[in-house]
Number of protein chains: 2
Amino acid sequence: MSQKKIRNMEEFAAVSGISRPTLSKYFNDPESVRKSTRQRVEDALLHYDYRPNFYAMNQNRRTTRNIGIVVPYLADPFFTEIGRAVEVKCIEAGYSPILLSSHGNPDQENDNLEALRALKPAGVLLAPLGRASDKGAITKFSTEVPLVLFDANIEDTGEAFVGTDNFQSVDLMVEYLCRSGQPPCFFEMKSPSNPNANKRRQAYFESMARQGHEAHVFQAEGEGWDFEEIGSSEGGQLLIDNAFPTNTVLCSNDRLAIGMLAAAYKNDIKVGLEPDASMRIAGHDDHPFSKFTCPPLTTISQDYAAIADRAVSTLFGIIESDSKPATRKESLFDGKLVMRDSA
Amino acid sequence: MSQKKIRNMEEFAAVSGISRPTLSKYFNDPESVRKSTRQRVEDALLHYDYRPNFYAMNQNRRTTRNIGIVVPYLADPFFTEIGRAVEVKCIEAGYSPILLSSHGNPDQENDNLEALRALKPAGVLLAPLGRASDKGAITKFSTEVPLVLFDANIEDTGEAFVGTDNFQSVDLMVEYLCRSGQPPCFFEMKSPSNPNANKRRQAYFESMARQGHEAHVFQAEGEGWDFEEIGSSEGGQLLIDNAFPTNTVLCSNDRLAIGMLAAAYKNDIKVGLEPDASMRIAGHDDHPFSKFTCPPLTTISQDYAAIADRAVSTLFGIIESDSKPATRKESLFDGKLVMRDSA
DNA sequence: AATAAAAATTTACGCGCGTAAACTTATTTG
DNA sequence: CAAATAAGTTTACGCGCGTAAATTTTTATT
């Protein structure tokens, strides 16, 4: 590595013996120059410490290679993992992902989109907050930037949606629970912020009807993202009150189930499949911690990899064809039953 | 909001009746213009949709208002929370934080610093991976960008360090455990990636000596960030083997403890303070899930708010004085004992 | 009201790179 | 090997804003 500091592309052109416009082409897409030229550039890069100025690079380009990724709540490991999966796919495709969290707050979601707008991103992958989202703002945003939604759907918003087929996944779980014991009750938040929750309730109703059982839905008061706390306090109270007509509860998501399991433990209500257990509790999402609950949680795993892959490839299809698809496409992937000890 | 699209600061100057250099001053620091002028600008902003071009703005400035925040592993809610606390402080100070995760990988840590370097940030807050970190790369980075470390210290690296006083916090826990029952054994990873782990082991030794008890350290094989898994498998085996000479175990961090609690449950080993319990298990960090373990985990909470506040204010001190402090300063905050049911 | 000080305006240049046009050189093809 | 094509070079301009200098206007001070 030479000592000489390279200040700009002009200087790098001088020392490398390659013209500046060709260097510009190379840095925008190394494949766009002849192999021998590419080799010369890369040799020179080994000898001189130079990187194009990020700001100058992006200033004149209509569209950058930045991809915005917005998740509703990064402190939830579920979103950390799916956000990460999406991030990796972007990097593999040669884009620069920028991961932002809305922290459960619709204003923050709007701020995030606004901040991204200033970056003139090539596209944005958004897992919206759901009910609380400012649909108007998101729709307006999507007129300016290619936008693909994932995890949570908002009708007619964005160019496409990628997520899990809640009807398939919940049916799978209900079918299993009915087959292996008493039919499940359903436990959820009263005003779920996430639209998947509504789908799951609906799926529960339909599935129970198909199985020929009566549906029993229990809804917890409380707002926000403090699911474990709500599962523990409200779900725990339902357990104590013996409010569930069957011994089996399907929670709308793992975090509620984690809270409920903690409450069950505290109140000496044994959960699981063993003969001395009095309840079965199941969840949905295969949260990273559900493996370590007491007992380990039976749940549904979402296909992170497939969702991330499809979301990213859909977005890149739009970016690279430079045209929005005629019809908004929804891709739904199947969930898988993860059988552990809680149900 | 007028329909007219404002393309640049020139046009916004025309419609607002304020000269472009004054606008430039305003956007760089609204306080730097007279109040009446500020009002006129802000009135105009209500009528016209204009934001300075992010890339053009930063191109000519020696230093931007971007702050890089790098955490070792965003899928760990502990880091999500402290990262978030730091982020909020930056926003309050009028800077733009960019949160990056190293995903437990030193190459990624270097990539993150490299990516940040291209953004010419005003400063960077780094929670390093620890042992695995490329100390040379970080030191070199800190010659170019003001750098404050937090959470995990690396000797003589960066302008300052802010974290928890492990000697205080572990002593607090050991003292409590000794006072309330049998003295604790210590459970940790054999090759901890995080330097706090080494401090905590050392603190355990010293504290046990002070209490006049023999120290017993148990180290789990295994690398990486899959702490719960390691706590469950290796810690669980130690429980089964009755390997601990006392009935009390202090885990180096909550995630190990969470795994160990899961293993104890699975093996019908009752943990807690009740008469029929055979073990006590404690953790460190007050992980967001430690409230929902079975039983709820007794642990040490770190003072997130104080750490975030000090880290950010230290960095801004350096940025605003435009000079590195003569001596590297280390700020340590006390942990607090969080008594729950596990110990 | 006269003067000093502060703030805004006018004018002008440059940052580092994208990119277009005209031209030259290298490679491919029949 | 000549013609056709692809790739690289030279030259030049502009993006949107930071910023400096000289000037004018506004505000504060006595």
# chains A, B, ... in the order shown; residues from 1 in each chain; ligands from 1

call {"tool": "interface_residues", "arguments": {"of": "chain B", "to": "chain C", "cutoff": "8 Å", "atoms": "only C-alpha atoms (C1' of nucleotides)", "output": "list in words"}}
result
Ser19, Thr22, Val33, Arg34, Gln59 and Asn60 of chain B

call {"tool": "interface_residues", "arguments": {"of": "chain A", "to": "chain D", "cutoff": "12 Å", "atoms": "only C-alpha atoms (C1' of nucleotides)", "output": "PDB file with N, CA, C and O atoms, in the first residue's frame"}}
result
ATOM      1  N   ALA A  13      -7.102   8.147 -11.199  1.00  0.00           N
ATOM      2  CA  ALA A  13      -6.952   7.923 -12.635  1.00  0.00           C
ATOM      3  C   ALA A  13      -5.494   8.138 -13.036  1.00  0.00           C
ATOM      4  O   ALA A  13      -4.915   7.360 -13.803  1.00  0.00           O
ATOM      5  N   GLY A  17      -3.455   4.967 -14.323  1.00  0.00           N
ATOM      6  CA  GLY A  17      -3.359   4.954 -15.779  1.00  0.00           C
ATOM      7  C   GLY A  17      -4.661   4.588 -16.471  1.00  0.00           C
ATOM      8  O   GLY A  17      -4.661   4.100 -17.592  1.00  0.00           O
ATOM      9  N   ILE A  18      -5.753   4.805 -15.788  1.00  0.00           N
ATOM     10  CA  ILE A  18      -7.058   4.530 -16.383  1.00  0.00           C
ATOM     11  C   ILE A  18      -7.867   5.820 -16.351  1.00  0.00           C
ATOM     12  O   ILE A  18      -7.820   6.558 -15.370  1.00  0.00           O
ATOM     13  N   SER A  19      -8.588   6.083 -17.404  1.00  0.00           N
ATOM     14  CA  SER A  19      -9.273   7.372 -17.477  1.00  0.00           C
ATOM     15  C   SER A  19     -10.406   7.457 -16.450  1.00  0.00           C
ATOM     16  O   SER A  19     -10.983   6.440 -16.067  1.00  0.00           O
ATOM     17  N   ARG A  20     -10.706   8.672 -16.049  1.00  0.00           N
ATOM     18  CA  ARG A  20     -11.700   8.841 -14.990  1.00  0.00           C
ATOM     19  C   ARG A  20     -13.085   8.307 -15.377  1.00  0.00           C
ATOM     20  O   ARG A  20     -13.725   7.613 -14.577  1.00  0.00           O
ATOM     21  N   PRO A  21     -13.588   8.597 -16.587  1.00  0.00           N
ATOM     22  CA  PRO A  21     -14.898   8.042 -16.940  1.00  0.00           C
ATOM     23  C   PRO A  21     -14.932   6.511 -16.864  1.00  0.00           C
ATOM     24  O   PRO A  21     -15.947   5.926 -16.464  1.00  0.00           O
ATOM     25  N   THR A  22     -13.848   5.877 -17.231  1.00  0.00           N
ATOM     26  CA  THR A  22     -13.820   4.412 -17.148  1.00  0.00           C
ATOM     27  C   THR A  22     -13.839   3.965 -15.690  1.00  0.00           C
ATOM     28  O   THR A  22     -14.536   3.010 -15.330  1.00  0.00           O
ATOM     29  N   LEU A  23     -13.083   4.686 -14.861  1.00  0.00           N
ATOM     30  CA  LEU A  23     -13.126   4.373 -13.429  1.00  0.00           C
ATOM     31  C   LEU A  23     -14.536   4.543 -12.883  1.00  0.00           C
ATOM     32  O   LEU A  23     -15.020   3.720 -12.105  1.00  0.00           O
ATOM     33  N   LYS A  25     -17.274   4.201 -14.477  1.00  0.00           N
ATOM     34  CA  LYS A  25     -18.042   3.032 -14.900  1.00  0.00           C
ATOM     35  C   LYS A  25     -17.730   1.839 -13.995  1.00  0.00           C
ATOM     36  O   LYS A  25     -18.632   1.145 -13.534  1.00  0.00           O
ATOM     37  N   TYR A  26     -16.446   1.617 -13.775  1.00  0.00           N
ATOM     38  CA  TYR A  26     -16.040   0.481 -12.950  1.00  0.00           C
ATOM     39  C   TYR A  26     -16.705   0.523 -11.575  1.00  0.00           C
ATOM     40  O   TYR A  26     -17.249  -0.477 -11.116  1.00  0.00           O
ATOM     41  N   SER A  32     -19.101  -3.855 -15.972  1.00  0.00           N
ATOM     42  CA  SER A  32     -19.365  -3.077 -17.182  1.00  0.00           C
ATOM     43  C   SER A  32     -18.093  -2.712 -17.932  1.00  0.00           C
ATOM     44  O   SER A  32     -18.154  -2.103 -18.991  1.00  0.00           O
ATOM     45  N   VAL A  33     -16.944  -3.080 -17.374  1.00  0.00           N
ATOM     46  CA  VAL A  33     -15.697  -2.804 -18.109  1.00  0.00           C
ATOM     47  C   VAL A  33     -15.033  -4.125 -18.502  1.00  0.00           C
ATOM     48  O   VAL A  33     -15.318  -5.172 -17.909  1.00  0.00           O
ATOM     49  N   ARG A  34     -14.176  -4.035 -19.473  1.00  0.00           N
ATOM     50  CA  ARG A  34     -13.494  -5.223 -19.981  1.00  0.00           C
ATOM     51  C   ARG A  34     -12.696  -5.899 -18.843  1.00  0.00           C
ATOM     52  O   ARG A  34     -12.200  -5.222 -17.946  1.00  0.00           O
ATOM     53  N   LYS A  35     -12.541  -7.199 -18.950  1.00  0.00           N
ATOM     54  CA  LYS A  35     -11.904  -7.938 -17.867  1.00  0.00           C
ATOM     55  C   LYS A  35     -10.483  -7.437 -17.601  1.00  0.00           C
ATOM     56  O   LYS A  35     -10.075  -7.269 -16.462  1.00  0.00           O
ATOM     57  N   SER A  36      -9.758  -7.165 -18.670  1.00  0.00           N
ATOM     58  CA  SER A  36      -8.366  -6.704 -18.495  1.00  0.00           C
ATOM     59  C   SER A  36      -8.337  -5.352 -17.773  1.00  0.00           C
ATOM     60  O   SER A  36      -7.478  -5.104 -16.933  1.00  0.00           O
ATOM     61  N   THR A  37      -9.298  -4.511 -18.111  1.00  0.00           N
ATOM     62  CA  THR A  37      -9.367  -3.202 -17.450  1.00  0.00           C
ATOM     63  C   THR A  37      -9.722  -3.355 -15.976  1.00  0.00           C
ATOM     64  O   THR A  37      -9.130  -2.731 -15.099  1.00  0.00           O
ATOM     65  N   TYR A  55     -20.855  10.640  -1.029  1.00  0.00           N
ATOM     66  CA  TYR A  55     -21.843  11.700  -1.245  1.00  0.00           C
ATOM     67  C   TYR A  55     -21.811  12.209  -2.682  1.00  0.00           C
ATOM     68  O   TYR A  55     -22.861  12.397  -3.308  1.00  0.00           O
ATOM     69  N   ALA A  56     -20.604  12.419  -3.178  1.00  0.00           N
ATOM     70  CA  ALA A  56     -20.489  12.891  -4.557  1.00  0.00           C
ATOM     71  C   ALA A  56     -21.036  11.848  -5.526  1.00  0.00           C
ATOM     72  O   ALA A  56     -21.669  12.173  -6.529  1.00  0.00           O
ATOM     73  N   MET A  57     -20.793  10.582  -5.209  1.00  0.00           N
ATOM     74  CA  MET A  57     -21.280   9.496  -6.059  1.00  0.00           C
ATOM     75  C   MET A  57     -22.789   9.535  -6.235  1.00  0.00           C
ATOM     76  O   MET A  57     -23.308   9.369  -7.329  1.00  0.00           O
ATOM     77  N   ASN A  58     -23.455   9.713  -5.099  1.00  0.00           N
ATOM     78  CA  ASN A  58     -24.908   9.582  -5.122  1.00  0.00           C
ATOM     79  C   ASN A  58     -25.621  10.860  -5.549  1.00  0.00           C
ATOM     80  O   ASN A  58     -26.804  10.832  -5.848  1.00  0.00           O
ATOM     81  N   GLN A  59     -24.886  11.952  -5.533  1.00  0.00           N
ATOM     82  CA  GLN A  59     -25.550  13.224  -5.785  1.00  0.00           C
ATOM     83  C   GLN A  59     -26.173  13.294  -7.172  1.00  0.00           C
ATOM     84  O   GLN A  59     -27.293  13.757  -7.336  1.00  0.00           O
ATOM     85  N   ASN A  60     -25.435  12.830  -8.149  1.00  0.00           N
ATOM     86  CA  ASN A  60     -25.901  13.019  -9.516  1.00  0.00           C
ATOM     87  C   ASN A  60     -26.651  11.840 -10.090  1.00  0.00           C
ATOM     88  O   ASN A  60     -27.151  11.897 -11.198  1.00  0.00           O
ATOM     89  N   ARG A  61     -26.661  10.776  -9.331  1.00  0.00           N
ATOM     90  CA  ARG A  61     -27.365   9.605  -9.847  1.00  0.00           C
ATOM     91  C   ARG A  61     -28.846   9.769  -9.605  1.00  0.00           C
ATOM     92  O   ARG A  61     -29.258  10.230  -8.542  1.00  0.00           O
ATOM     93  N   ARG A  62     -29.650   9.376 -10.577  1.00  0.00           N
ATOM     94  CA  ARG A  62     -31.087   9.424 -10.338  1.00  0.00           C
ATOM     95  C   ARG A  62     -31.411   8.530  -9.135  1.00  0.00           C
ATOM     96  O   ARG A  62     -32.092   8.900  -8.227  1.00  0.00           O
TER      97      ARG A  62
END

call {"tool": "select_by_dssp", "arguments": {"residues": "range 43-122 of chain B", "states": "strand (DSSP E or B)", "output": "short mmCIF file (atom, residue, chain, number, x, y, z; two decimals) with N, CA, C and O atoms, in the first residue's frame"}}
result
data_model
loop_
_atom_site.label_atom_id
_atom_site.label_comp_id
_atom_site.auth_asym_id
_atom_site.auth_seq_id
_atom_site.Cartn_x
_atom_site.Cartn_y
_atom_site.Cartn_z
N ASN B 66 -23.71 13.00 10.98
CA ASN B 66 -24.06 11.59 11.15
C ASN B 66 -23.24 10.98 12.28
O ASN B 66 -22.05 11.25 12.41
N ILE B 67 -23.90 10.16 13.05
CA ILE B 67 -23.22 9.43 14.12
C ILE B 67 -23.40 7.94 13.87
O ILE B 67 -24.52 7.47 13.70
N GLY B 68 -22.29 7.22 13.82
CA GLY B 68 -22.39 5.77 13.67
C GLY B 68 -22.52 5.10 15.02
O GLY B 68 -21.85 5.50 15.98
N ILE B 69 -23.40 4.11 15.11
CA ILE B 69 -23.53 3.32 16.33
C ILE B 69 -23.37 1.86 15.92
O ILE B 69 -24.12 1.38 15.06
N VAL B 70 -22.40 1.19 16.50
CA VAL B 70 -22.17 -0.20 16.14
C VAL B 70 -22.32 -1.08 17.37
O VAL B 70 -21.65 -0.84 18.38
N VAL B 71 -23.20 -2.05 17.30
CA VAL B 71 -23.36 -2.99 18.41
C VAL B 71 -22.96 -4.39 17.92
O VAL B 71 -23.01 -4.66 16.72
N SER B 96 -27.82 12.61 13.34
CA SER B 96 -28.50 11.50 12.67
C SER B 96 -27.77 10.20 12.96
O SER B 96 -26.70 9.96 12.40
N PRO B 97 -28.32 9.37 13.82
CA PRO B 97 -27.66 8.11 14.15
C PRO B 97 -27.89 7.05 13.06
O PRO B 97 -28.92 7.03 12.41
N ILE B 98 -26.89 6.23 12.90
CA ILE B 98 -27.00 5.09 11.99
C ILE B 98 -26.58 3.86 12.77
O ILE B 98 -25.42 3.74 13.16
N LEU B 99 -27.54 2.98 13.02
CA LEU B 99 -27.29 1.82 13.89
C LEU B 99 -26.91 0.61 13.06
O LEU B 99 -27.63 0.21 12.16
N LEU B 100 -25.76 0.03 13.36
CA LEU B 100 -25.29 -1.15 12.64
C LEU B 100 -24.98 -2.27 13.61
O LEU B 100 -24.57 -2.03 14.74
N SER B 101 -25.18 -3.49 13.17
CA SER B 101 -24.86 -4.66 13.99
C SER B 101 -23.72 -5.44 13.37
O SER B 101 -23.65 -5.60 12.16
#

call {"tool": "closest_atom_pairs", "arguments": {"of": "chain A", "to": "chain B", "cutoff": "8 Å", "atoms": "only C-alpha atoms", "output": "tab-separated table"}}
result
residue	atom	partner	partner_atom	distance
A:Arg51	CA	B:Ala118	CA	7.9
A:Asn53	CA	B:Ala118	CA	6.9
A:Phe54	CA	B:Ala118	CA	6.0
A:Tyr55	CA	B:Tyr55	CA	4.7
A:Ala56	CA	B:Gln59	CA	5.9
A:Asn58	CA	B:Tyr55	CA	6.4
A:Gln59	CA	B:Tyr55	CA	5.3
A:Leu74	CA	B:Thr80	CA	6.8
A:Ala75	CA	B:Thr80	CA	5.4
A:Asp76	CA	B:Pro77	CA	7.2
A:Pro77	CA	B:Ala75	CA	5.5
A:Thr80	CA	B:Ala75	CA	5.4
A:Glu81	CA	B:Ala75	CA	6.6
A:Leu99	CA	B:Leu99	CA	7.7
A:Leu100	CA	B:Leu99	CA	7.9
A:Ala118	CA	B:Phe54	CA	6.0
A:Leu119	CA	B:Phe54	CA	6.6
A:Glu228	CA	B:Phe292	CA	7.4
A:Ile258	CA	B:Phe292	CA	7.1
A:Gly259	CA	B:Phe292	CA	6.2
A:Ala262	CA	B:Phe292	CA	5.4
A:Tyr265	CA	B:Cys294	CA	6.3
A:Lys266	CA	B:Pro295	CA	7.1
A:Phe292	CA	B:Ala262	CA	5.4
A:Thr293	CA	B:Ala262	CA	6.2
A:Cys294	CA	B:Ala262	CA	6.0
A:Pro295	CA	B:Lys266	CA	7.1
A:Pro296	CA	B:Ala262	CA	7.9

call {"tool": "residues_around", "arguments": {"residues": "range 249-251 of chain B", "least_positions_apart": "6", "cutoff": "10 Å", "atoms": "only C-alpha atoms (C1' of nucleotides)", "output": "count of residues only"}}
result
34

call {"tool": "residues_around", "arguments": {"residues": "range 311-324 of chain B", "least_positions_apart": "3", "cutoff": "12 Å", "atoms": "only C-alpha atoms (C1' of nucleotides)", "output": "ChimeraX atom specification"}}
result
/B:62-69,82-83,85-95,97,121-127,142-151,158-164,304-308,327-333

call {"tool": "write_last_selection", "arguments": {"atoms": "C-alpha atoms", "output": "compact mmCIF listing (two decimals), in the first residue's frame"}}
result
# COMPACT_ATOMS: atom_id res chain seq x y z
CA ARG B 62 -15.58 18.55 6.45
CA THR B 63 -17.72 16.67 8.92
CA THR B 64 -21.32 15.59 8.68
CA ARG B 65 -23.87 15.35 11.46
CA ASN B 66 -24.06 11.59 11.15
CA ILE B 67 -23.22 9.43 14.12
CA GLY B 68 -22.39 5.77 13.67
CA ILE B 69 -23.53 3.32 16.33
CA ILE B 82 -28.86 -0.02 24.71
CA GLY B 83 -28.43 0.73 21.02
CA ALA B 85 -31.07 4.41 24.11
CA VAL B 86 -27.95 5.73 22.43
CA GLU B 87 -29.84 6.40 19.22
CA VAL B 88 -32.45 8.49 21.03
CA LYS B 89 -29.78 10.59 22.72
CA CYS B 90 -28.17 11.33 19.36
CA ILE B 91 -31.45 12.43 17.84
CA GLU B 92 -32.11 14.68 20.82
CA ALA B 93 -28.76 16.31 20.21
CA GLY B 94 -29.68 16.98 16.60
CA TYR B 95 -27.53 14.31 15.02
CA PRO B 97 -27.66 8.11 14.15
CA PRO B 121 -19.41 10.62 10.38
CA ALA B 122 -18.94 13.25 13.05
CA GLY B 123 -18.24 10.42 15.46
CA VAL B 124 -18.82 6.78 16.20
CA LEU B 125 -20.10 4.92 19.25
CA LEU B 126 -18.84 1.37 19.24
CA ALA B 127 -19.78 -1.56 21.43
CA SER B 142 -10.10 6.01 15.73
CA THR B 143 -7.27 8.10 14.28
CA GLU B 144 -9.69 9.26 11.59
CA VAL B 145 -12.99 9.48 13.45
CA PRO B 146 -13.80 10.42 17.05
CA LEU B 147 -14.59 7.10 18.68
CA VAL B 148 -16.16 6.28 22.02
CA LEU B 149 -16.47 2.68 23.17
CA PHE B 150 -19.34 1.47 25.30
CA ASP B 151 -20.45 -1.74 26.96
CA GLY B 158 -10.93 4.94 21.29
CA GLU B 159 -11.10 8.25 23.10
CA ALA B 160 -13.15 6.97 26.03
CA PHE B 161 -15.07 4.04 27.43
CA VAL B 162 -18.44 3.96 29.15
CA GLY B 163 -19.92 0.89 30.78
CA THR B 164 -20.94 -0.89 33.92
CA TYR B 304 -28.77 1.83 30.28
CA ALA B 305 -29.87 5.41 30.50
CA ALA B 306 -26.76 6.62 32.27
CA ILE B 307 -24.45 4.67 30.00
CA ALA B 308 -26.14 5.96 26.87
CA THR B 327 -6.20 11.19 28.65
CA ARG B 328 -8.52 8.36 27.80
CA LYS B 329 -11.39 8.45 30.23
CA GLU B 330 -13.32 5.46 31.52
CA SER B 331 -16.74 5.97 33.05
CA LEU B 332 -18.24 3.11 35.00
CA PHE B 333 -21.76 3.04 36.35
